Amino acid sequence: MPIIHTVHADLEYLDDGPLDGRPIVLLHGFPDVAETWDEVLALLPGDCRVIRPSLRGVGGSRVTNAEARSAQVAALATDVIDLTTALGLDRFVLVGHDWGARAAHAVAVLEPHRVTGLVTLSTAYGPGAGLSDSERLDDAAAAWYRYWLCTAAGADEFSRDPAALVRWAWARWSPGFALPDGALDAILTATDTDQFAEDVVHYYRHGAGEATGSPVYDRAQRVLDAWPAIDVPATFLIGTDDGCETLAPARGNAALFARGRDLVELPGAGHFLTRERPRDVAKAIARHLG
């Protein structure tokens, strides 16, 4: 896979389709890899150029600037901005799942003029304002692992054996879907890096307010922390049987999309929609290509 060298990181990516094609950027989530989009890619129009980066800590993507060691959302978004700038992509449809959804929302906030359409999966935008006490507790219960990683015991155990949580997530978060052994092996190989475990722990700790970010990203993070409305046409897809995300945050955040947001709930689908429902995902992307 080719690698772009930015001021902060080496970013590995897949590049499919004609170089002058309509650009689409697909961002994978946790715990996953760029190849998660393979079936979606096969359903997209052939005149599209599709860029699929590996998030930092996965595969060949790694931070090279010690001052930028962070997995906060502003850092993930900056990687996307730097990569697309280096590739000469001035405007593109942006698609993200899970961590990739968080990064995609952030790019749409920081550089809305470059995002012609936004499709995000599973992880909703916003701070969860307006949730009832019961909905907030349901959301926290589904996300127990995030808070477990905020403890010293949880972080130590995860760092000793990251593969255990990766396997558990794929077995539980999409209860009606079985990932083929070969695909799981590829994910385990790509996440067996010297930065993956540290990045995962920092991502969740920073999101929970239990870790500071890198000063490199302070300016962008301050913008993102205000949860401004996204001024990009958007679609959000979520499975009704998602094992780590609840429906309430997505149902209550329409006001955070200044140009509207289509909410698509997929009955019986779990968390990993890129592999479970590639046709629905490709259909949502195609609507933004016009």
# chains A, B, ... in the order shown; residues from 1 in each chain; ligands from 1

call {"tool": "residues_around", "arguments": {"residues": "A:Arg22", "least_positions_apart": "5", "cutoff": "12 Å", "atoms": "only C-alpha atoms", "output": "ChimeraX atom specification"}}
result
/A:16-17,44-51,89-94,116,285-286,288-290

call {"tool": "write_last_selection", "arguments": {"atoms": "C-alpha atoms", "output": "CSV table (one decimal), in the first residue's frame"}}
result
chain,number,residue,atom,x,y,z
A,16,ASP,CA,-8.8,2.7,-6.4
A,17,GLY,CA,-10.4,4.0,-9.6
A,44,LEU,CA,-19.8,2.2,-6.3
A,45,PRO,CA,-19.8,3.7,-9.8
A,46,GLY,CA,-16.7,2.9,-11.8
A,47,ASP,CA,-15.9,6.6,-12.5
A,48,CYS,CA,-15.0,7.3,-8.8
A,49,ARG,CA,-11.6,7.5,-7.3
A,50,VAL,CA,-11.8,6.0,-3.9
A,51,ILE,CA,-9.2,6.7,-1.2
A,89,LEU,CA,-8.3,16.3,-3.5
A,90,ASP,CA,-9.9,19.7,-3.2
A,91,ARG,CA,-13.5,18.4,-2.7
A,92,PHE,CA,-14.8,15.0,-2.0
A,93,VAL,CA,-17.6,12.9,-0.6
A,94,LEU,CA,-16.5,11.8,2.9
A,116,THR,CA,-19.6,17.8,-0.9
A,285,ILE,CA,-22.9,7.3,-0.9
A,286,ALA,CA,-24.3,7.3,-4.4
A,288,HIS,CA,-24.3,12.3,-2.5
A,289,LEU,CA,-22.4,11.8,-5.8
A,290,GLY,CA,-24.9,13.8,-7.8

call {"tool": "closest_atom_pairs", "arguments": {"of": "stretch 145-190 of chain A", "to": "stretch 202-224 of chain A", "cutoff": "8 Å", "atoms": "only C-alpha atoms", "output": "JSON lines"}}
result
{"residue": "A:Arg146", "atom": "CA", "partner": "A:Tyr204", "partner_atom": "CA", "distance": 5.6}
{"residue": "A:Tyr147", "atom": "CA", "partner": "A:Tyr204", "partner_atom": "CA", "distance": 7.6}
{"residue": "A:Leu149", "atom": "CA", "partner": "A:Tyr204", "partner_atom": "CA", "distance": 7.0}
{"residue": "A:Cys150", "atom": "CA", "partner": "A:Arg205", "partner_atom": "CA", "distance": 5.4}

call {"tool": "write_last_selection", "arguments": {"atoms": "C-alpha atoms", "output": "short mmCIF file (atom, residue, chain, number, x, y, z; two decimals), in the first residue's frame"}}
result
data_model
loop_
_atom_site.label_atom_id
_atom_site.label_comp_id
_atom_site.auth_asym_id
_atom_site.auth_seq_id
_atom_site.Cartn_x
_atom_site.Cartn_y
_atom_site.Cartn_z
CA ARG A 146 -14.52 2.83 26.82
CA TYR A 147 -14.66 3.45 30.56
CA LEU A 149 -9.91 1.60 29.23
CA CYS A 150 -9.97 4.74 31.36
#

call {"tool": "atom_distance", "arguments": {"atom1": "atom CA of A:Gly128", "atom2": "atom CA of A:Gly100"}}
result
18.4 Å

call {"tool": "closest_residue", "arguments": {"among": "A:Val264, A:Ala186, A:Ala152, A:Ala74", "to": "A:Val166", "atoms": "only C-alpha atoms"}}
result
A:Ala186

call {"tool": "closest_residue", "arguments": {"among": "A:Ala282, A:Ala255, A:Leu137, A:Ala75", "to": "A:Ile24", "atoms": "only C-alpha atoms"}}
result
A:Ala282

call {"tool": "closest_residue", "arguments": {"among": "A:Met1, A:Thr235, A:Leu76, A:Asp20", "to": "A:Glu35", "atoms": "only C-alpha atoms"}}
result
A:Met1

call {"tool": "closest_residue", "arguments": {"among": "A:Pro233, A:Gly243, A:Gly260, A:Pro162", "to": "A:Arg287", "atoms": "only C-alpha atoms"}}
result
A:Pro233

call {"tool": "closest_residue", "arguments": {"among": "A:Thr6, A:Gln72, A:Thr274, A:Thr240", "to": "A:Leu121", "atoms": "only C-alpha atoms"}}
result
A:Thr274

call {"tool": "residues_around", "arguments": {"residues": "A:Ala140", "least_positions_apart": "5", "cutoff": "10 Å", "atoms": "only C-alpha atoms", "output": "count of residues only"}}
result
8

call {"tool": "closest_residue", "arguments": {"among": "A:Arg52, A:Pro23, A:Leu11, A:Leu184", "to": "A:Thr78", "atoms": "only C-alpha atoms"}}
result
A:Leu11

call {"tool": "residues_around", "arguments": {"residues": "stretch 193-196 of chain A", "least_positions_apart": "4", "cutoff": "8 Å", "atoms": "only C-alpha atoms", "output": "list in words"}}
result
Arg56, Gly57, Val58, Gly59, Arg62 and Val200 of chain A

call {"tool": "write_last_selection", "arguments": {"atoms": "C-alpha atoms", "output": "PDB file, in the first residue's frame"}}
result
ATOM      1  CA  ARG A  56      -3.047   5.999  12.799  1.00  0.00           C
ATOM      2  CA  GLY A  57      -1.832   2.964  14.701  1.00  0.00           C
ATOM      3  CA  VAL A  58      -3.251   0.540  12.116  1.00  0.00           C
ATOM      4  CA  GLY A  59      -1.143  -1.153   9.462  1.00  0.00           C
ATOM      5  CA  ARG A  62       1.907   5.714  12.397  1.00  0.00           C
ATOM      6  CA  VAL A 200      -6.879   3.095  21.427  1.00  0.00           C
TER       7      VAL A 200
END
